[in-house]
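Structure below is final.txt: compact mmCIF, C-alpha atoms.
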# COMPACT_ATOMS: atom_id res chain seq x y z
CA MET A 1 132.27 117.65 74.78
CA LEU A 2 131.02 114.29 76.02
CA ALA A 3 127.61 113.31 74.67
CA LYS A 4 124.75 113.52 77.14
CA ARG A 5 123.04 110.20 77.81
CA ILE A 6 119.35 109.27 77.69
CA ILE A 7 118.55 106.36 80.00
CA PRO A 8 115.20 104.55 80.25
CA CYS A 9 114.60 102.95 83.65
CA LEU A 10 112.82 99.65 84.17
CA ASP A 11 111.39 99.50 87.69
CA VAL A 12 110.59 95.81 88.06
CA LYS A 13 108.27 94.12 90.55
CA ASP A 14 107.25 90.46 90.32
CA GLY A 15 108.80 90.20 86.86
CA ARG A 16 106.87 93.13 85.38
CA THR A 17 107.81 96.73 84.70
CA VAL A 18 105.83 99.10 86.94
CA LYS A 19 105.57 102.84 87.46
CA GLY A 20 104.03 104.98 90.18
CA VAL A 21 103.94 108.53 91.50
CA ASN A 22 106.20 109.56 94.38
CA PHE A 23 107.20 105.88 94.70
CA VAL A 24 103.62 104.65 95.38
CA ASP A 25 100.45 103.65 93.46
CA LEU A 26 102.31 101.35 91.09
CA ARG A 27 100.73 100.33 87.78
CA ASP A 28 101.85 97.84 85.14
CA ALA A 29 103.99 99.21 82.31
CA GLY A 30 104.85 96.08 80.36
CA ASP A 31 107.30 93.23 79.96
CA PRO A 32 110.85 94.32 80.89
CA VAL A 33 112.50 92.15 78.26
CA GLU A 34 110.35 93.56 75.46
CA LEU A 35 110.82 97.13 76.67
CA ALA A 36 114.58 96.68 76.94
CA TYR A 37 114.74 95.49 73.34
CA GLN A 38 112.62 98.41 72.14
CA TYR A 39 114.81 100.96 73.90
CA SER A 40 117.98 99.41 72.55
CA GLN A 41 116.52 99.66 69.04
CA GLN A 42 115.31 103.24 69.57
CA GLY A 43 118.78 104.51 70.41
CA ALA A 44 118.80 104.69 74.19
CA ASP A 45 122.35 105.17 75.43
CA GLU A 46 122.02 102.92 78.46
CA LEU A 47 119.41 101.02 80.41
CA VAL A 48 118.80 100.86 84.16
CA PHE A 49 116.97 97.89 85.68
CA LEU A 50 115.85 98.28 89.31
CA ASP A 51 114.25 95.41 91.20
CA ILE A 52 112.34 97.85 93.40
CA THR A 53 111.13 95.46 96.08
CA ALA A 54 114.21 93.22 96.41
CA THR A 55 115.62 95.11 99.40
CA HIS A 56 112.22 95.56 101.07
CA GLU A 57 111.47 91.84 100.65
CA ARG A 58 115.02 90.86 101.69
CA ARG A 59 115.76 88.87 98.56
CA LYS A 60 118.16 88.96 95.64
CA THR A 61 117.49 90.41 92.20
CA THR A 62 116.07 87.84 89.79
CA VAL A 63 119.11 86.61 87.87
CA ASP A 64 117.15 84.81 85.12
CA LEU A 65 115.33 88.02 84.23
CA VAL A 66 118.62 89.89 84.12
CA LYS A 67 120.01 87.31 81.69
CA SER A 68 116.93 87.61 79.49
CA VAL A 69 117.21 91.40 79.30
CA ALA A 70 120.96 91.30 78.65
CA SER A 71 120.46 88.91 75.74
CA GLN A 72 118.16 91.42 73.99
CA ILE A 73 120.24 94.58 74.10
CA ASN A 74 123.58 95.95 72.92
CA ILE A 75 123.86 98.97 75.21
CA PRO A 76 125.29 99.33 78.74
CA PHE A 77 122.99 97.85 81.35
CA THR A 78 122.90 98.76 85.06
CA ILE A 79 121.26 96.47 87.63
CA GLY A 80 120.09 97.43 91.11
CA GLY A 81 118.04 95.97 93.94
CA GLY A 82 118.96 93.61 96.76
CA ILE A 83 122.72 93.95 96.27
CA ASN A 84 124.29 93.65 99.71
CA GLU A 85 127.73 92.10 99.20
CA LEU A 86 130.43 91.45 96.62
CA LYS A 87 129.10 88.08 95.56
CA ASP A 88 125.71 89.61 94.73
CA ALA A 89 127.40 92.01 92.33
CA ASP A 90 129.60 89.27 90.91
CA VAL A 91 126.57 87.12 90.07
CA LEU A 92 124.81 90.01 88.30
CA LEU A 93 127.88 91.07 86.32
CA ASN A 94 128.27 87.47 85.19
CA ALA A 95 124.58 87.42 84.22
CA GLY A 96 125.12 90.27 81.78
CA ALA A 97 125.08 93.51 83.75
CA ASP A 98 127.67 96.14 82.82
CA LYS A 99 127.28 98.07 86.08
CA ILE A 100 125.67 97.52 89.44
CA SER A 101 123.64 100.03 91.41
CA ILE A 102 123.55 100.03 95.20
CA ASN A 103 121.46 102.15 97.51
CA SER A 104 120.26 101.03 100.95
CA ALA A 105 123.14 98.61 101.56
CA ALA A 106 125.72 101.34 100.95
CA VAL A 107 124.04 103.70 103.41
CA ARG A 108 124.03 101.00 106.08
CA ASN A 109 127.65 100.07 105.33
CA PRO A 110 129.49 102.82 103.42
CA LYS A 111 132.63 100.67 103.23
CA LEU A 112 130.79 98.60 100.62
CA LEU A 113 131.50 101.36 98.11
CA ASP A 114 135.23 101.05 98.77
CA GLU A 115 135.03 97.27 98.47
CA PHE A 116 133.02 97.31 95.24
CA ALA A 117 135.29 99.90 93.64
CA LYS A 118 138.38 97.91 94.60
CA ALA A 119 136.93 94.60 93.37
CA PHE A 120 135.31 95.71 90.12
CA GLY A 121 136.58 99.24 89.38
CA VAL A 122 134.81 102.53 89.97
CA GLN A 123 133.30 102.47 86.47
CA PHE A 124 131.10 99.54 87.53
CA VAL A 125 129.69 101.17 90.67
CA VAL A 126 126.60 103.39 90.51
CA LEU A 127 125.29 104.81 93.78
CA ALA A 128 121.53 105.32 93.68
CA VAL A 129 120.23 108.00 96.04
CA ASP A 130 116.52 108.46 96.76
CA THR A 131 115.95 111.87 98.28
CA ARG A 132 113.03 113.89 99.59
CA PHE A 133 112.82 117.41 101.03
CA VAL A 134 111.87 117.15 104.70
CA ASN A 135 111.56 120.19 107.00
CA ASP A 136 114.93 121.88 106.52
CA GLY A 137 116.59 120.02 103.70
CA ASN A 138 117.03 117.01 101.45
CA TYR A 139 117.33 113.66 103.22
CA VAL A 140 118.25 110.17 102.04
CA HIS A 141 115.50 107.53 102.04
CA LEU A 142 116.00 103.76 102.04
CA ARG A 143 114.14 100.56 101.04
CA GLY A 144 112.55 101.99 97.92
CA GLY A 145 111.78 105.29 99.61
CA ARG A 146 110.03 103.74 102.61
CA ASP A 147 112.48 104.76 105.35
CA LEU A 148 113.57 108.30 106.16
CA THR A 149 117.13 108.63 107.47
CA ASP A 150 118.83 111.52 109.26
CA ILE A 151 121.48 111.69 106.52
CA LYS A 152 121.62 114.87 104.47
CA THR A 153 121.58 113.99 100.76
CA GLU A 154 124.38 116.39 99.89
CA ASP A 155 126.67 114.99 102.60
CA TRP A 156 126.07 111.39 101.54
CA ILE A 157 126.76 112.06 97.86
CA LEU A 158 130.03 113.80 98.66
CA GLU A 159 131.11 110.92 100.91
CA ALA A 160 130.13 108.33 98.30
CA ALA A 161 132.05 110.11 95.56
CA GLY A 162 135.11 110.03 97.77
CA ARG A 163 134.71 106.34 98.55
CA GLY A 164 134.67 105.05 94.99
CA ALA A 165 131.22 105.51 93.49
CA GLY A 166 131.71 105.92 89.74
CA GLU A 167 128.37 107.62 89.11
CA ILE A 168 125.50 109.02 91.15
CA LEU A 169 121.90 108.26 90.20
CA LEU A 170 119.94 110.93 92.06
CA THR A 171 116.17 110.50 92.25
CA SER A 172 113.97 113.25 93.65
CA MET A 173 111.03 111.47 95.32
CA ASP A 174 109.13 114.76 95.39
CA HIS A 175 109.35 114.99 91.60
CA ASP A 176 109.10 111.26 90.78
CA GLY A 177 106.19 110.44 88.47
CA THR A 178 104.77 113.97 88.64
CA LYS A 179 105.92 114.91 85.11
CA ASN A 180 106.54 118.45 86.34
CA GLY A 181 110.25 118.49 85.55
CA PHE A 182 113.48 117.49 87.27
CA ASP A 183 114.71 119.00 90.55
CA LEU A 184 117.02 121.44 88.79
CA LYS A 185 118.15 123.27 91.94
CA LEU A 186 119.36 120.16 93.77
CA LEU A 187 120.85 118.60 90.64
CA LYS A 188 122.84 121.71 89.75
CA GLU A 189 124.09 122.08 93.31
CA MET A 190 125.33 118.49 93.41
CA ASN A 191 126.73 118.53 89.88
CA ASP A 192 128.81 121.59 90.75
CA ARG A 193 130.25 119.83 93.82
CA ILE A 194 131.25 116.42 92.44
CA SER A 195 133.63 115.38 89.68
CA ILE A 196 131.94 112.06 88.79
CA PRO A 197 128.96 111.72 86.42
CA LEU A 198 125.53 112.63 87.77
CA ILE A 199 122.35 111.00 86.43
CA ALA A 200 119.14 113.00 86.94
CA SER A 201 116.00 111.05 87.83
CA GLY A 202 112.47 111.98 88.80
CA GLY A 203 110.02 114.33 87.11
CA ALA A 204 110.45 114.07 83.34
CA GLY A 205 107.19 114.91 81.62
CA ASN A 206 108.09 116.39 78.24
CA GLN A 207 111.06 116.98 75.96
CA GLN A 208 111.72 120.46 77.32
CA HIS A 209 112.40 119.00 80.76
CA PHE A 210 115.34 117.09 79.28
CA VAL A 211 116.63 120.24 77.57
CA ASP A 212 116.37 122.11 80.88
CA VAL A 213 118.17 119.50 82.97
CA PHE A 214 121.13 119.37 80.59
CA GLN A 215 121.35 123.12 79.99
CA GLU A 216 120.58 124.38 83.50
CA ALA A 217 121.86 121.62 85.79
CA GLY A 218 124.67 120.37 83.54
CA VAL A 219 124.10 116.71 84.42
CA ASP A 220 125.74 113.92 82.42
CA ALA A 221 122.61 111.83 81.88
CA ALA A 222 118.85 111.97 82.33
CA LEU A 223 116.76 108.97 83.31
CA ALA A 224 113.03 108.52 82.89
CA ALA A 225 110.45 105.75 82.94
CA SER A 226 106.74 106.33 82.28
CA VAL A 227 107.15 108.89 79.47
CA PHE A 228 109.14 106.25 77.59
CA HIS A 229 107.10 103.20 78.64
CA TYR A 230 103.79 104.70 77.49
CA GLY A 231 105.16 106.23 74.30
CA GLU A 232 104.70 109.85 75.38
CA ILE A 233 108.30 110.59 74.38
CA LEU A 234 110.14 108.67 71.67
CA ILE A 235 113.90 108.60 72.09
CA PRO A 236 114.82 109.47 68.46
CA GLU A 237 112.56 112.54 68.58
CA LEU A 238 113.93 113.53 71.98
CA LYS A 239 117.49 113.38 70.69
CA ASP A 240 116.54 115.52 67.68
CA THR A 241 115.08 118.12 70.07
CA LEU A 242 118.19 118.06 72.25
CA LYS A 243 120.47 118.50 69.22
CA ALA A 244 118.34 121.41 68.01
CA ASN A 245 118.88 123.05 71.40
CA GLY A 246 122.65 122.63 71.31
CA VAL A 247 122.89 119.56 73.52
CA THR A 248 125.44 116.99 72.31
CA VAL A 249 123.91 113.50 72.04
CA ARG A 250 124.76 110.25 70.30
CA THR A 251 122.59 109.51 67.27
Could you write out this file's structure as structure tokens?
Amino acid sequence: MLAKRIIPCLDVKDGRTVKGVNFVDLRDAGDPVELAYQYSQQGADELVFLDITATHERRKTTVDLVKSVASQINIPFTIGGGINELKDADVLLNAGADKISINSAAVRNPKLLDEFAKAFGVQFVVLAVDTRFVNDGNYVHLRGGRDLTDIKTEDWILEAAGRGAGEILLTSMDHDGTKNGFDLKLLKEMNDRISIPLIASGGAGNQQHFVDVFQEAGVDAALAASVFHYGEILIPELKDTLKANGVTVRT
């Protein structure tokens, strides 16, 4: 059985790591370079770095910061934010990223997924999906959760998987920052319908939530931010808990 992955997420704004609730009310969580180093030392399996205002502010991800983070870690590193074309991804991969994450740009131009997969390989392409339950179902949101679309989340994930996305990073905006647990129902539904890895995001508040998302939803990886940033959950202890509950992890 493949080991389940634990992935800290660095949401970066103006060069600092930040964290909010339901994508708003952001507060400072530390220096991204220092945090990246700490997580690499603690035994995180991967790291995700999201420049959360790059798309909203119509600018590119800060390459110098990416280089600084990459120089401090020895684990796979995914970069997202402001990636709109092949050359954006090329610059970030050359700066030290192992994978790139795209969100809004792929929704506006789904063919980007085909192009990225063809140019770099599917293993380099992570599709980030920000979703919220609205009226009758789950809908995709863009620009850091600011814009509601009329695209059903389930439909978009299935299309993206068929176009060349290598992984899906699915964030429940309703659960984000609440620490009430992951959206197990949606995650299980999507995991059962796709054959590529699914990363759960949004809602982690304690170690049991990680046990639940692996056991009940069957996802390949679980991502969290504030519980790691503020020391509420330490990765070595989390992995011990997962092992004790029969979840295969790398130690």
Report summary line: Closest of A:Ser101, A:Leu35, A:Leu92, A:Pro197 to A:Gln72, counting only C-alpha atoms, is A:Leu35
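Checking A:Met190, A:Ala165, A:Met173, A:Ala97 one by one against A:Phe133, counting only C-alpha atoms, you find the shortest gap at A:Met173.
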Query raised in the report: When distances are computed from all atoms listed in the file, which of A:Gly144, A:Pro236, A:Pro76, A:Gly137 shows the smallest separation from A:Asn103?
Result: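 Smallest distance to A:Asn103 is found for A:Gly144.
The neighbours of A:Gly181 here are the residues that come within 10 Å of it, using all atoms listed in the file and leaving out any residue fewer than 3 positions away in the same chain; they are A:His175, A:Asp176, A:Gly177, A:Thr178, A:Leu184, A:Ser201, A:Gly202, A:Gly203, A:Ala204, A:Gly205, A:Asn206, A:Gln207, A:Gln208, A:His209, A:Phe210, A:Asp212, A:Val213.
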Report task. Please measure the separation of atom CA of A:Ala106 and atom CA of A:Leu86, giving the value in Å to one decimal. Result ->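 Separation between atom CA of A:Ala106 and atom CA of A:Leu86: 11.8 Å.
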How big is the axis-aligned box around all listed atoms of stretch 85-104 of chain A once 8 Å goes on each side, and where's its centre, in Å to one decimal, as AutoDock Vina command-line options?
--center_x 125.3 --center_y 94.6 --center_z 91.4 --size_x 26.2 --size_y 31.0 --size_z 35.2
Requested in this report: Could you please determine the separation between atom CA of A:Ser40 and atom CA of A:Thr78 in Å, to one decimal place?
Outcome: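 Straight-line distance from atom CA of A:Ser40 to atom CA of A:Thr78 works out to 13.5 Å.
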Spatial neighbours of A:Gly164, max dist 8 Å, all atoms listed in the file, sep filter under 6 positions, as a PDB file with C-alpha atoms, keeping the file's coordinate frame:
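So the final result, stored in result.pdb, reads:
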ATOM      1  CA  LEU A 113     131.500 101.360  98.110  1.00  0.00           C
ATOM      2  CA  ASP A 114     135.230 101.050  98.770  1.00  0.00           C
ATOM      3  CA  PHE A 116     133.020  97.310  95.240  1.00  0.00           C
ATOM      4  CA  ALA A 117     135.290  99.900  93.640  1.00  0.00           C
ATOM      5  CA  VAL A 122     134.810 102.530  89.970  1.00  0.00           C
ATOM      6  CA  VAL A 125     129.690 101.170  90.670  1.00  0.00           C
TER       7      VAL A 125
END
Requested in this report: Fewer than 3 positions away in the same chain doesn't count, so skip those; otherwise give me all residues within 9 Å of A:Ile157, counting only C-alpha atoms, as a list in words.
Outcome: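 Contacts, in chain order: Leu127, Val129, Lys152, Thr153, Glu154, Ala160, Ala161, Gly162, Ile168, Met190 and Ile194 of chain A.
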Skip A:Asn74 itself and residues of its chain fewer than 6 positions away, then list as an mmCIF file with C-alpha atoms, keeping the file's coordinate frame all residues within 10 Å of it, counting all atoms listed in the file.
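Saved as around_21.cif:
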data_model
loop_
_atom_site.group_PDB
_atom_site.id
_atom_site.type_symbol
_atom_site.label_atom_id
_atom_site.label_comp_id
_atom_site.auth_asym_id
_atom_site.auth_seq_id
_atom_site.Cartn_x
_atom_site.Cartn_y
_atom_site.Cartn_z
ATOM 1 C CA ALA A 36 114.580 96.680 76.940
ATOM 2 C CA TYR A 37 114.740 95.490 73.340
ATOM 3 C CA SER A 40 117.980 99.410 72.550
ATOM 4 C CA GLN A 41 116.520 99.660 69.040
ATOM 5 C CA ASP A 45 122.350 105.170 75.430
ATOM 6 C CA GLU A 46 122.020 102.920 78.460
ATOM 7 C CA LEU A 47 119.410 101.020 80.410
#
Query raised in the report: By how many Å are atom CA of A:Asn180 and atom CA of A:Ile235 apart?
Result: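 Atom CA of A:Ile235 lies 18.8 Å from atom CA of A:Asn180.
The closest residue to A:Leu242, picked from A:Phe182, A:Phe214, A:Phe77, A:Tyr230 and counting only C-alpha atoms, is A:Phe214.
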Query raised in the report: Restricting the calculation to only C-alpha atoms, which member of A:Ala89, A:Ala70, A:Leu65, A:Leu187 is positioned closest to A:Thr131?
Result: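 Looking at the shortest contact to A:Thr131, the residue is A:Leu187.
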Query - Which of A:Pro110, A:Gly166, A:Pro32, A:Gly218 sits closest to A:Arg5 [using all atoms listed in the file] - result: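 Looking only at the distances to A:Arg5, the closest residue turns out to be A:Gly218.
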